[in-house]
Amino acid sequence: MVSITPLISPESGSLELDRSAALSALESMLTIRSFEEAVDGLFARGLMHGTMHLSIGQEASATGICVALKTTDYITSTHRGHGHCIAKGADLTRMMAELLAKQTGYCRGRGGSMHIADTKTRNLGANGIVAGGIPIAVGAALAQKMRNENNVVVSFFGDGATNEGAFHEALNLGAIWDLPVIFVCENNKYGMSNSTELSMRVDKVSDRASAYGIAGVTVDGNDVNEVYQAAVAAVQRARSGKGPTLIECETYRWKGHSKSDKNLYRTKEEIDQWKAKDPIIRFQEIILQNQLVTQTDVDALANQVRETIREAIKDASAAPDSDPAELLSSVYREVYNG
Amino acid sequence: MVSITPLISPESGSLELDRSAALSALESMLTIRSFEEAVDGLFARGLMHGTMHLSIGQEASATGICVALKTTDYITSTHRGHGHCIAKGADLTRMMAELLAKQTGYCRGRGGSMHIADTKTRNLGANGIVAGGIPIAVGAALAQKMRNENNVVVSFFGDGATNEGAFHEALNLGAIWDLPVIFVCENNKYGMSNSTELSMRVDKVSDRASAYGIAGVTVDGNDVNEVYQAAVAAVQRARSGKGPTLIECETYRWKGHSKSDKNLYRTKEEIDQWKAKDPIIRFQEIILQNQLVTQTDVDALANQVRETIREAIKDASAAPDSDPAELLSSVYREVYNG
Amino acid sequence: MANRVITYSEAVREAIAQAMEADSNVFMLGEDIGIYGGAFGVSGDLYHRFGAERIRDTPISELGIVGAAVGAALVGMRPIVEIQFSDFTSQAMDQIVNQAAKIHFMLGGELSVPMVLRAPSGSGTGAAAQHSQSLETWFAHIPGLKVVLPSNPRDAKGLLLAAIDDPNPVIVLEHKLLYKTSGPVPEEPFRTPIGVADLVREGKDLVIVATGVMVSRSIAAADQLKEQGIKATIIDPRTLSPLDMSLINDAIAASGRVMLVQEAPKHVGFMAEVAARIAEGPALYSLLAPVKRICGMDIPIPYAPQLEKAAVPQIEDIIAGAVALMREP
Amino acid sequence: MANRVITYSEAVREAIAQAMEADSNVFMLGEDIGIYGGAFGVSGDLYHRFGAERIRDTPISELGIVGAAVGAALVGMRPIVEIQFSDFTSQAMDQIVNQAAKIHFMLGGELSVPMVLRAPSGSGTGAAAQHSQSLETWFAHIPGLKVVLPSNPRDAKGLLLAAIDDPNPVIVLEHKLLYKTSGPVPEEPFRTPIGVADLVREGKDLVIVATGVMVSRSIAAADQLKEQGIKATIIDPRTLSPLDMSLINDAIAASGRVMLVQEAPKHVGFMAEVAARIAEGPALYSLLAPVKRICGMDIPIPYAPQLEKAAVPQIEDIIAGAVALMREP
Ligand SMILES: Cc1ncc(C[n+]2csc(CCOP(=O)(O)OP(=O)(O)O)c2C)c(N)n1
Ligand SMILES: Cc1ncc(C[n+]2csc(CCOP(=O)(O)OP(=O)(O)O)c2C)c(N)n1
Ligand SMILES: [Mg+2]
Ligand SMILES: [Mg+2]
């Protein structure tokens with residue numbers, strides 16, 4: 001059982017001025033990267049099954065948002081959800097076991113990459129349906145409000161998802177009921193092959209907030225501290241009953257959409273430009289420069305993360321395969337006649 | 001077979017400065033009012049079946065928009081669609097026959113009030129599904145563009161419809177493809193009992209246009225000339241390939257939502273305030289004042305319209321009831337193996 | 001007070017009120033359920049009794065509100081969604097089918113969705129094709145959903161209370177024509193178990209299996225058939241998924257003749273499943289005549305009253321079907 | 001060239017290309033069908049051959065694009081919508097069911113909707129519950145829709161060309177696992193009539209009725225059964241609505257034993273209708289054993305390969321079913 005160090009919100013209000021917060025944010029991003037690189041490798045070697053959507057290059061948005069959350073806050077995630085799941089604190093061994101179709105996986109091998117949820121860290125689940133998690137987040141936020149709980153709910157989704165009716169209906173409900181929900185759009189410029197230029201006529205996804213009368217903001221999604229600042233403001237607004245915010249994080253996925261992508265719709269130059277804006281390297285440079293950490297710290301952390309992932313793979317691989325004999329269980333939750 | 005005089009666009013650019021245009025607009029509004037009052041009466045006397053959504057009080061939007069259209073332009077309509085249908089030039093006898101469940105009705109008695117379409121006047125149909133016609137209008141507009149036809153498509157819908165996912169997806173498609181479609185929201189302040197204050201957090205429905213990067217405008221929907229002007233601008237934009245416009249017509253329905261409405265959600269004062277803004281009386285006063293018409297003209301027209309409606313009822317009532325024996329026909333259109 | 005008589009609507013409303021009184025997690029959301037009292041008057045005065053928070057009026061956003069119910073249920077609330085007409089579940093199918101139905105299984109049992117979705121179903125009000133469908137087949141086919149069709153006021157209350165207790169998503173399809181019908185309903189909260197069929201009446205000559213409004217039509221038909229000397233057993237499955245075949249099998253063993261009556265179009269409808277279960281045995285061996293289905297025509301529901309009547313089984317059609325079945329083979 | 005062998009994907013693509021060449025009203029719209037070539041590579045190079053106008057990439061808006069297809073069809077175009085996975089028809093059910101299916105009837109015949117909706121269906125790719133459903137039952141139950149499930153490359157082309165010609169909305173569910181399979185397909189445009197079942201092979205001992213990928217599994221099973229001395233007739237209905245029962249009835253009359261094989265969950269699935277038609281006669285009278293259904297388990301499709309396999313019928317299950325059926329009663 002391994003997971004990242006719980007994310008630490010900086011006292012200073014900036015991830016770039018607080019050593020332990022900076023280290024925990026860096027650990028989160030490195031872990032996401034490492035986890036997904038490992039998964040990519042396992043897939044290439046034929047050890048993993050199905051399809052996979054990697055968020056390599058997008059680690060700052062998952063991390064920057066989750067640093068601003070309490071452990072009792074909820075998230076809903078997407079098909080590209082490993083990062084959200086890890087940043088919220090999920091057990092890496094159970095995640096890996098799920099991808100390896102093991103009985104000890106988060107979903108007992110039934111869900112795979114697109115359906116991991118984690119009750120403990122209040123991750124209400126990745127989702128194979130584009131925009132499917134957004135109304136669900138609104139409902140969870142409604143429950144917080146009705147029960148006078150002080151939790152917020154973050155819904156992650158992509159740029160492509162904002163063209164779905166579910167996005168529209170959900171944002172409207174969140175807005176009219178002043179719910180403690182934060183809509184986080186990870187705008188990586190494409191919904192599969194469809195660029196935002198082709199799929200919408202607004203300059204920024206955050207422009208869509210005005211249709212619901214809620215706050216909308218666009219941040220550099222490869223700058224974990226900028227994402228964090230926006231998240232803090234949104235969380236505060238949500239917790240104080242002032243309703244939702246739409247945060248757009250401009251970012252990029254380095255890998256193809258999924259395993260079947262031939263990358264015909266974008267150029268090598270574009271990909272390289274974005275690789276030059278690697279959120280991890282950028283953050284490392286800043287915190288090195290600000291002398292919060294030394295190169296030795298960074299190297300040690302990177303090694304530790306790699307070791308953790310290796311351990312997760314080892315433990316997960318050793319677990320029993322998921323068991324067809326119990327397939328009829330948990331189709332329905334049992335009714336208690338108590 | 002009776003219908004209104006085809007709507008005449010004024011040479012002057014204003015319905016308030018051109019006698020024949022003014023008379024045709026007035027005839028349209030009076031006909032809609034008369035038709036629906038007659039329907040209301042037939043219903044009250046138990047001669048009509050099902051339910052009915054009346055647009056009494058909203059005659060200016062249907063009329064003002066349709067005056068700006070060519071006969072080859074298309075419309076899609078709603079559950080509250082008699083006005084659109086009449087303004088586009090439908091046969092009143094066939095409409096009445098449909099409501100009376102006659103074989104000679106537009107739908108052979110199969111559709112009733114909510115499903116009247118008319119190929120001849122290019123009305124693609126009322127719709128029992130809130131927002132259901134909006135994507136359909138977009139598709140018809142796409143066809144115009146692909147075929148280099150110079151027609152526009154108007155989609156009518158209510159304020160409540162703008163909270164549906166279908167609205168969102170359709171407006172976005174219309175926008176990105178620069179389609180010759182005009183989205184006309186008849187904002188009568190309520191979707192059934194749900195007020196716009198409760199159902200959305202924007203001041204104006206037209207504020208939603210900005211989420212799609214299209215033009216949005218709000219007009220006094222009880223001012224037929226103002227509606228007309230906005231329609232002309234939108235039609236020109238659409239026909240010249242500049243894409244959609246969202247026109248919001250602020251108006252009010254005098255009657256309940258449908259036959260089962262007890263009007264518990266709005267006050268008598270509110271209703272009375274809006275009755276004082278009767279679009280027909282207002283327009284009559286202006287054109288009388290502008291000396292385009294005399295009181296005698298107006299009275300004659302009103303009489304003629306009432307006579308027309310009486311005739312429609314008479315002819316429709318005399319028609320045979322729709323026939324259960326042919327129910328299995330037209331479930332599928334027959335395949336031609338030619 | 002077991003013989004207190006109330007309407008089907010009142011029974012639904014009473015169940016909701018009792019569940020809301022007993023558990024603060026229960027709440028309702030839907031279009032026009034507040035001050036309007038519901039399109040069919042079902043929520044009635046609940047808004048005044050429980051307030052706007054718990055009797056939550058929504059914009060016209062079926063997908064959004066079902067999704068919100070799913071989300072609320074995931075974190076422990078007990079939402080009851082009203083969809084104004086069951087036809088508009090079409091707007092919300094993703095949340096019903098891809099989310100609510102699958103989450104518990106798909107997440108390996110990690111979370112569950114104790115949500116109730118109520119919707120008025122069926123034809124007979126002159127509202128035409130988009131407001132009159134009987135869509136139970138869709139839901140019954142989806143693993144992870146439970147589907148109930150209460151056919152009388154007592155079951156409307158008992159099944160709804162059981163549905164609200166159930167930790168799974170339950171689709172409750174109420175027939176519009178039943179709302180104003182009356183019957184005896186116990187005042188105290190009681191549960192009618194989900195997954196248990198009801199033996200409506202016994203008769204030795206044939207078995208009628210019917211759902212929804214077809215149950216009362218079958219009762220009326222059976223009354224008239226009795227005068228012709230034909231005695232019918234009537235079974236109301238009540239729950240379409242999970243389906244209880246035991247009563248049906250036993251009754252067929254006794255009489256050898258079975259007629260399946262539903263309002264929905266015949267083709268690939270729910271009663272096809274009942275027929276298939278019969279054809280798979282054991283009931284097959286007791287059949288004295290082929291299974292007979294009396295169903296809606298395979299057409300959209302038309303507007304005109306005479307057409308609408310012709311489109312779905314009426315009492316006369318059930319009688320005629322039974323008489324024909326008795327003459328076979 | 002009647003024996004030219006191409007894949008199922010290529011056959012679909014060829015049908016679309018030929019229809020587009022013959023009629024400028026035919027066009028395609030869907031997600032990632034352009035430069036990406038389609039999620040399953042079906043549209044392939046069509047974008048380069050016909051351009052972005054007619055091979056129209058859309059945003060992720062299933063309801064919107066099906067609605068747009070309905071609108072375009074109403075004014076005389078012949079749209080072919082690709083829904084990336086058939087599961088996402090859930091998003092578009094309103095336009096499919098409340099609009100496309102009903103418009104012609106509901107408007108009294110005034111307008112019609114000559115639209116084709118193609119979608120990859122079924123499990124076997126490790127994509128889990130929201131990307132693996134077999135939802136043909138839903139569509140087959142809706143009057144006004146035609147539903148076809150091509151089970152081989154030849155039918156994939158012939159049925160699609162017939163669907164494009166058809167003046168009604170036709171739902172074409174293509175099985176993902178079939179896309180890469182090959183078979184002989186005539187080069188010229190040809191139509192496989194909608195509503196006509198296919199006699200895949202003849203054998204005297206039992207009848208297997210199968211759809212989609214279950215047809216090829218049944219063929220493989222039949223090959224092995226033959227070695228055990230059991231000879232199976234295989235019938236592929238191809239069209240689920242309208243359903244052609246004549247071949248099935250004749251075959252049952254000949255052998256007296258029938259097994260119905262589908263991938264979808266058993267409960268209230270399409271094969272229930274076939275079983276019901278049998279139970280209604282005349283085939284009932286020739287049955288030597290109860291009807292047997294071999295179907296998907298009543299569970300969502302799981303991710304792990306061994307679970308996914310267990311969830312739906314495999315060749316072994318079909319063989320075992322046939323062997324058991326031969327032993328009955
Ligand atoms: C309703 C629905 N439509 C289509 C898909 C297929 N699909 C999966 S991910 C994806 C692209 C999503 O784009 P975006 O929301 O921008 O997220 P990203 O993949 O870029 O992270 C598509 C089209 C789906 N899973 N669900
Ligand atoms: C999808 C759908 N949801 C709900 C309804 C029930 N319904 C019919 S009209 C209506 C109100 C529509 O409001 P609006 O769009 O403002 O139009 P108006 O009636 O005010 O003209 C509702 C809720 C419906 N017909 N379709
Ligand atoms: Mg994206
Ligand atoms: Mg309104």
# chains A, B, ... in the order shown; residues from 1 in each chain; ligands from 1
>>> interface_residues(of="chain D", to="chain C", cutoff="7 Å", atoms="only C-alpha atoms", output="ChimeraX atom specification")
/D:90-91,93-94,98,102,106,129-130,137-138,140-141,143,267-270,272-273,275-276,279-281,284,290-292,298-300,302
>>> closest_atom_pairs(of="chain A", to="chain D", cutoff="6 Å", atoms="only C-alpha atoms", output="JSON lines")
{"residue": "A:Gly50", "atom": "CA", "partner": "D:Gly126", "partner_atom": "CA", "distance": 4.0}
{"residue": "A:Ala101", "atom": "CA", "partner": "D:Ala304", "partner_atom": "CA", "distance": 4.8}
{"residue": "A:Gly109", "atom": "CA", "partner": "D:Ala304", "partner_atom": "CA", "distance": 5.3}
{"residue": "A:Arg110", "atom": "CA", "partner": "D:Pro302", "partner_atom": "CA", "distance": 4.4}
{"residue": "A:Gly111", "atom": "CA", "partner": "D:Tyr303", "partner_atom": "CA", "distance": 5.3}
{"residue": "A:Gly112", "atom": "CA", "partner": "D:Tyr303", "partner_atom": "CA", "distance": 5.6}
{"residue": "A:Asn163", "atom": "CA", "partner": "D:Ile60", "partner_atom": "CA", "distance": 5.8}
{"residue": "A:Glu164", "atom": "CA", "partner": "D:Ser61", "partner_atom": "CA", "distance": 4.9}
{"residue": "A:Ser193", "atom": "CA", "partner": "D:Asp32", "partner_atom": "CA", "distance": 5.9}
{"residue": "A:Ser199", "atom": "CA", "partner": "D:Pro59", "partner_atom": "CA", "distance": 5.0}
{"residue": "A:Pro324", "atom": "CA", "partner": "D:Leu307", "partner_atom": "CA", "distance": 5.0}
>>> residues_around(residues="segment 251-253 of chain A", least_positions_apart="3", cutoff="9 Å", atoms="only C-alpha atoms", output="mmCIF file with N, CA and C atoms, in the first residue's frame")
data_model
loop_
_atom_site.group_PDB
_atom_site.id
_atom_site.type_symbol
_atom_site.label_atom_id
_atom_site.label_comp_id
_atom_site.auth_asym_id
_atom_site.auth_seq_id
_atom_site.Cartn_x
_atom_site.Cartn_y
_atom_site.Cartn_z
ATOM 1 N N LEU A 54 -3.548 8.794 -20.977
ATOM 2 C CA LEU A 54 -2.498 9.290 -20.090
ATOM 3 C C LEU A 54 -2.527 10.818 -20.000
ATOM 4 N N SER A 55 -2.178 11.313 -18.810
ATOM 5 C CA SER A 55 -2.216 12.765 -18.598
ATOM 6 C C SER A 55 -0.812 13.337 -18.484
ATOM 7 N N ILE A 56 0.159 12.621 -19.027
ATOM 8 C CA ILE A 56 1.539 13.112 -18.978
ATOM 9 C C ILE A 56 1.606 14.491 -19.626
ATOM 10 N N GLY A 57 2.142 15.450 -18.900
ATOM 11 C CA GLY A 57 2.160 16.844 -19.348
ATOM 12 C C GLY A 57 1.120 17.696 -18.631
ATOM 13 N N GLN A 58 0.139 17.050 -18.003
ATOM 14 C CA GLN A 58 -0.968 17.768 -17.361
ATOM 15 C C GLN A 58 -0.921 17.664 -15.835
ATOM 16 N N ALA A 60 0.232 19.370 -13.488
ATOM 17 C CA ALA A 60 0.091 20.548 -12.625
ATOM 18 C C ALA A 60 -1.359 20.864 -12.287
ATOM 19 N N SER A 61 -2.279 20.557 -13.201
ATOM 20 C CA SER A 61 -3.663 20.918 -12.888
ATOM 21 C C SER A 61 -4.227 20.007 -11.805
ATOM 22 N N GLU A 186 -9.688 21.034 -17.813
ATOM 23 C CA GLU A 186 -8.299 20.874 -18.252
ATOM 24 C C GLU A 186 -8.295 20.998 -19.762
ATOM 25 N N ASN A 187 -8.051 22.192 -20.220
ATOM 26 C CA ASN A 187 -8.086 22.451 -21.661
ATOM 27 C C ASN A 187 -6.746 22.079 -22.270
ATOM 28 N N ASN A 188 -6.712 20.898 -22.857
ATOM 29 C CA ASN A 188 -5.475 20.457 -23.521
ATOM 30 C C ASN A 188 -5.588 20.604 -25.041
ATOM 31 N N LYS A 189 -6.463 21.507 -25.451
ATOM 32 C CA LYS A 189 -6.584 21.926 -26.864
ATOM 33 C C LYS A 189 -7.293 20.939 -27.775
ATOM 34 N N TYR A 190 -7.489 19.750 -27.321
ATOM 35 C CA TYR A 190 -8.133 18.759 -28.186
ATOM 36 C C TYR A 190 -9.100 17.891 -27.379
ATOM 37 N N ASP A 220 -2.644 29.390 -16.411
ATOM 38 C CA ASP A 220 -1.618 28.561 -17.037
ATOM 39 C C ASP A 220 -1.650 27.207 -16.329
ATOM 40 N N GLY A 221 -2.178 26.243 -17.000
ATOM 41 C CA GLY A 221 -2.349 24.936 -16.371
ATOM 42 C C GLY A 221 -1.054 24.173 -16.203
ATOM 43 N N ASN A 222 0.020 24.704 -16.731
ATOM 44 C CA ASN A 222 1.321 24.068 -16.519
ATOM 45 C C ASN A 222 2.107 24.767 -15.410
ATOM 46 N N GLY A 256 -0.635 10.479 -27.183
ATOM 47 C CA GLY A 256 -1.869 10.436 -27.963
ATOM 48 C C GLY A 256 -3.090 10.406 -27.056
ATOM 49 N N HIS A 257 -4.239 10.604 -27.647
ATOM 50 C CA HIS A 257 -5.482 10.582 -26.874
ATOM 51 C C HIS A 257 -5.626 9.281 -26.094
ATOM 52 N N ILE A 271 3.741 19.782 -30.349
ATOM 53 C CA ILE A 271 4.014 18.905 -29.196
ATOM 54 C C ILE A 271 5.324 19.326 -28.523
ATOM 55 N N TRP A 274 5.100 22.434 -26.378
ATOM 56 C CA TRP A 274 4.471 22.194 -25.079
ATOM 57 C C TRP A 274 5.374 21.385 -24.161
ATOM 58 N N LYS A 275 6.142 20.503 -24.755
ATOM 59 C CA LYS A 275 7.070 19.744 -23.906
ATOM 60 C C LYS A 275 8.071 20.696 -23.252
#
>>> interface_residues(of="chain B", to="chain A", cutoff="6 Å", atoms="only C-alpha atoms", output="list in words")
Gly165, His168, Glu169, Ile176, Met200, Arg201, Val202, Arg208, Ala211, Tyr212 and Gly213 of chain B
>>> closest_residue(among="A:Ser34, A:Gln236, A:Ser258, A:Asn194", to="ligand 3", atoms="only C-alpha atoms and all ligand atoms")
A:Asn194
>>> closest_atom_pairs(of="segment 4-114 of chain D", to="segment 183-207 of chain D", cutoff="12 Å", atoms="only C-alpha atoms", output="Markdown table")
| residue | atom | partner | partner_atom | distance |
| --- | --- | --- | --- | --- |
| D:Arg4 | CA | D:Pro184 | CA | 5.1 |
| D:Val5 | CA | D:Pro184 | CA | 4.2 |
| D:Ile6 | CA | D:Gly183 | CA | 5.7 |
| D:Thr7 | CA | D:Gly183 | CA | 6.3 |
| D:Tyr8 | CA | D:Gly183 | CA | 7.5 |
| D:Ser9 | CA | D:Gly183 | CA | 10.9 |
| D:Glu10 | CA | D:Val185 | CA | 9.7 |
| D:Ala11 | CA | D:Val185 | CA | 7.2 |
| D:Val12 | CA | D:Val185 | CA | 10.6 |
| D:Arg13 | CA | D:Pro189 | CA | 11.8 |
| D:Glu14 | CA | D:Glu187 | CA | 8.4 |
| D:Ala15 | CA | D:Pro189 | CA | 7.0 |
| D:Ile16 | CA | D:Pro189 | CA | 10.0 |
| D:Ala17 | CA | D:Pro189 | CA | 9.8 |
| D:Gln18 | CA | D:Pro189 | CA | 6.6 |
| D:Ala19 | CA | D:Pro189 | CA | 8.1 |
| D:Met20 | CA | D:Pro189 | CA | 11.4 |
| D:Glu21 | CA | D:Pro189 | CA | 10.8 |
| D:Ala22 | CA | D:Pro189 | CA | 9.8 |
>>> atom_distance(atom1="atom CA of Val42 of chain C", atom2="atom CA of Pro120 of chain C")
9.9 Å
>>> select_by_dssp(residues="segment 40-155 of chain D", states="helix (DSSP H, G or I)", output="NGL selection string")
:D and (46-54 or 62-74 or 86-100 or 103-106 or 129-131 or 136-140 or 153-155)
>>> closest_atom_pairs(of="chain A", to="ligand 1", cutoff="6 Å", atoms="only C-alpha atoms and all ligand atoms", output="tab-separated table")
residue	atom	partner	partner_atom_place_in_ligand_line	distance
A:Arg80	CA	ligand 1	21 (O)	5.5
A:Gly128	CA	ligand 1	25 (N)	5.0
A:Ile129	CA	ligand 1	26 (N)	3.8
A:Val130	CA	ligand 1	26 (N)	4.0
A:Phe157	CA	ligand 1	15 (O)	5.7
A:Gly158	CA	ligand 1	15 (O)	3.3
A:Asp159	CA	ligand 1	16 (O)	3.9
A:Gly160	CA	ligand 1	16 (O)	3.5
A:Ala161	CA	ligand 1	15 (O)	3.9
A:Asn188	CA	ligand 1	20 (O)	5.5
A:Tyr190	CA	ligand 1	20 (O)	5.2
A:Gly191	CA	ligand 1	13 (O)	3.1
A:Met192	CA	ligand 1	11 (C)	4.3
A:His257	CA	ligand 1	19 (O)	5.9
>>> select_by_dssp(residues="segment 89-285 of chain B", states="strand (DSSP E)", output="JSON list (two decimals) with N, CA and C atoms, in the first residue's frame")
[["chain", "number", "residue", "atom", "x", "y", "z"],
["B", 153, "VAL", "N", -33.05, 29.18, -41.49],
["B", 153, "VAL", "CA", -33.94, 28.37, -40.64],
["B", 153, "VAL", "C", -34.08, 29.10, -39.31],
["B", 154, "VAL", "N", -35.32, 29.29, -38.90],
["B", 154, "VAL", "CA", -35.58, 29.89, -37.59],
["B", 154, "VAL", "C", -36.02, 28.81, -36.63],
["B", 155, "SER", "N", -35.40, 28.79, -35.46],
["B", 155, "SER", "CA", -35.86, 27.86, -34.43],
["B", 155, "SER", "C", -36.47, 28.65, -33.29],
["B", 156, "PHE", "N", -37.76, 28.43, -33.06],
["B", 156, "PHE", "CA", -38.43, 29.06, -31.92],
["B", 156, "PHE", "C", -38.30, 28.15, -30.70],
["B", 157, "PHE", "N", -38.13, 28.73, -29.55],
["B", 157, "PHE", "CA", -38.16, 27.96, -28.28],
["B", 157, "PHE", "C", -38.38, 28.92, -27.13],
["B", 158, "GLY", "N", -38.64, 28.38, -25.97],
["B", 158, "GLY", "CA", -38.92, 29.21, -24.80],
["B", 158, "GLY", "C", -37.69, 29.43, -23.94],
["B", 181, "VAL", "N", -28.86, 29.88, -39.33],
["B", 181, "VAL", "CA", -29.93, 29.53, -38.41],
["B", 181, "VAL", "C", -30.11, 30.67, -37.43],
["B", 182, "ILE", "N", -31.35, 30.94, -37.07],
["B", 182, "ILE", "CA", -31.65, 32.02, -36.13],
["B", 182, "ILE", "C", -32.38, 31.40, -34.95],
["B", 183, "PHE", "N", -31.82, 31.61, -33.78],
["B", 183, "PHE", "CA", -32.39, 31.03, -32.57],
["B", 183, "PHE", "C", -33.28, 32.09, -31.92],
["B", 184, "VAL", "N", -34.56, 31.81, -31.87],
["B", 184, "VAL", "CA", -35.49, 32.79, -31.32],
["B", 184, "VAL", "C", -36.07, 32.28, -30.01],
["B", 185, "CYS", "N", -35.64, 32.91, -28.94],
["B", 185, "CYS", "CA", -36.15, 32.54, -27.62],
["B", 185, "CYS", "C", -37.32, 33.45, -27.26],
["B", 186, "GLU", "N", -38.48, 32.85, -27.12],
["B", 186, "GLU", "CA", -39.64, 33.61, -26.64],
["B", 186, "GLU", "C", -39.63, 33.51, -25.12],
["B", 187, "ASN", "N", -39.03, 34.50, -24.51],
["B", 187, "ASN", "CA", -38.90, 34.49, -23.05],
["B", 187, "ASN", "C", -40.17, 35.05, -22.43],
["B", 190, "TYR", "N", -41.41, 32.22, -17.75],
["B", 190, "TYR", "CA", -41.64, 30.96, -17.04],
["B", 190, "TYR", "C", -41.47, 29.78, -17.98],
["B", 191, "GLY", "N", -40.88, 28.73, -17.48],
["B", 191, "GLY", "CA", -40.98, 27.42, -18.09],
["B", 191, "GLY", "C", -41.97, 26.69, -17.20],
["B", 194, "ASN", "N", -41.67, 27.46, -13.50],
["B", 194, "ASN", "CA", -40.31, 27.81, -13.08],
["B", 194, "ASN", "C", -39.89, 29.14, -13.69],
["B", 195, "SER", "N", -39.72, 30.14, -12.85],
["B", 195, "SER", "CA", -39.40, 31.47, -13.37],
["B", 195, "SER", "C", -37.95, 31.53, -13.83],
["B", 215, "ALA", "N", -23.82, 36.35, -32.06],
["B", 215, "ALA", "CA", -24.51, 37.57, -31.67],
["B", 215, "ALA", "C", -25.74, 37.24, -30.83],
["B", 216, "GLY", "N", -25.98, 38.05, -29.81],
["B", 216, "GLY", "CA", -27.18, 37.88, -28.99],
["B", 216, "GLY", "C", -27.85, 39.22, -28.80],
["B", 217, "VAL", "N", -29.16, 39.23, -28.88],
["B", 217, "VAL", "CA", -29.87, 40.50, -28.75],
["B", 217, "VAL", "C", -31.19, 40.26, -28.02],
["B", 218, "THR", "N", -31.59, 41.22, -27.22],
["B", 218, "THR", "CA", -32.87, 41.13, -26.54],
["B", 218, "THR", "C", -33.78, 42.24, -27.04],
["B", 219, "VAL", "N", -34.99, 41.85, -27.39],
["B", 219, "VAL", "CA", -35.94, 42.87, -27.85],
["B", 219, "VAL", "C", -37.24, 42.77, -27.06],
["B", 220, "ASP", "N", -38.01, 43.83, -27.13],
["B", 220, "ASP", "CA", -39.34, 43.83, -26.55],
["B", 220, "ASP", "C", -40.20, 42.91, -27.42],
["B", 245, "THR", "N", -27.70, 34.01, -34.96],
["B", 245, "THR", "CA", -28.00, 35.04, -33.96],
["B", 245, "THR", "C", -28.96, 34.42, -32.95],
["B", 246, "LEU", "N", -28.80, 34.81, -31.70],
["B", 246, "LEU", "CA", -29.79, 34.45, -30.68],
["B", 246, "LEU", "C", -30.62, 35.70, -30.40],
["B", 247, "ILE", "N", -31.88, 35.63, -30.76],
["B", 247, "ILE", "CA", -32.79, 36.75, -30.49],
["B", 247, "ILE", "C", -33.69, 36.38, -29.32],
["B", 248, "GLU", "N", -33.66, 37.18, -28.29],
["B", 248, "GLU", "CA", -34.56, 36.95, -27.16],
["B", 248, "GLU", "C", -35.71, 37.93, -27.25],
["B", 249, "CYS", "N", -36.93, 37.42, -27.30],
["B", 249, "CYS", "CA", -38.12, 38.26, -27.32],
["B", 249, "CYS", "C", -38.77, 38.22, -25.95],
["B", 250, "GLU", "N", -38.72, 39.31, -25.22],
["B", 250, "GLU", "CA", -39.34, 39.33, -23.90],
["B", 250, "GLU", "C", -40.85, 39.49, -24.04]]
>>> atom_distance(atom1="atom CA of Cys66 of chain A", atom2="atom CA of His79 of chain A")
17.7 Å
>>> atom_distance(atom1="atom CA of Lys102 of chain A", atom2="atom CA of Ala44 of chain A")
18.7 Å
>>> closest_residue(among="B:Thr63, B:Thr76, B:Val305, B:His53", to="Trp254 of chain B", atoms="only C-alpha atoms")
B:His53
>>> residues_around(residues="Thr211 of chain D", least_positions_apart="5", cutoff="8 Å", atoms="only C-alpha atoms", output="ChimeraX atom specification")
/D:149,151,236-238,261-263
>>> closest_residue(among="B:Thr71, B:Thr121, B:Ser9, B:Asn127", to="Asn225 of chain B", atoms="only C-alpha atoms")
B:Ser9
>>> closest_residue(among="C:Ala162, C:Ser86, C:Ile219, C:Ser286", to="ligand 2", atoms="only C-alpha atoms and all ligand atoms")
C:Ser86
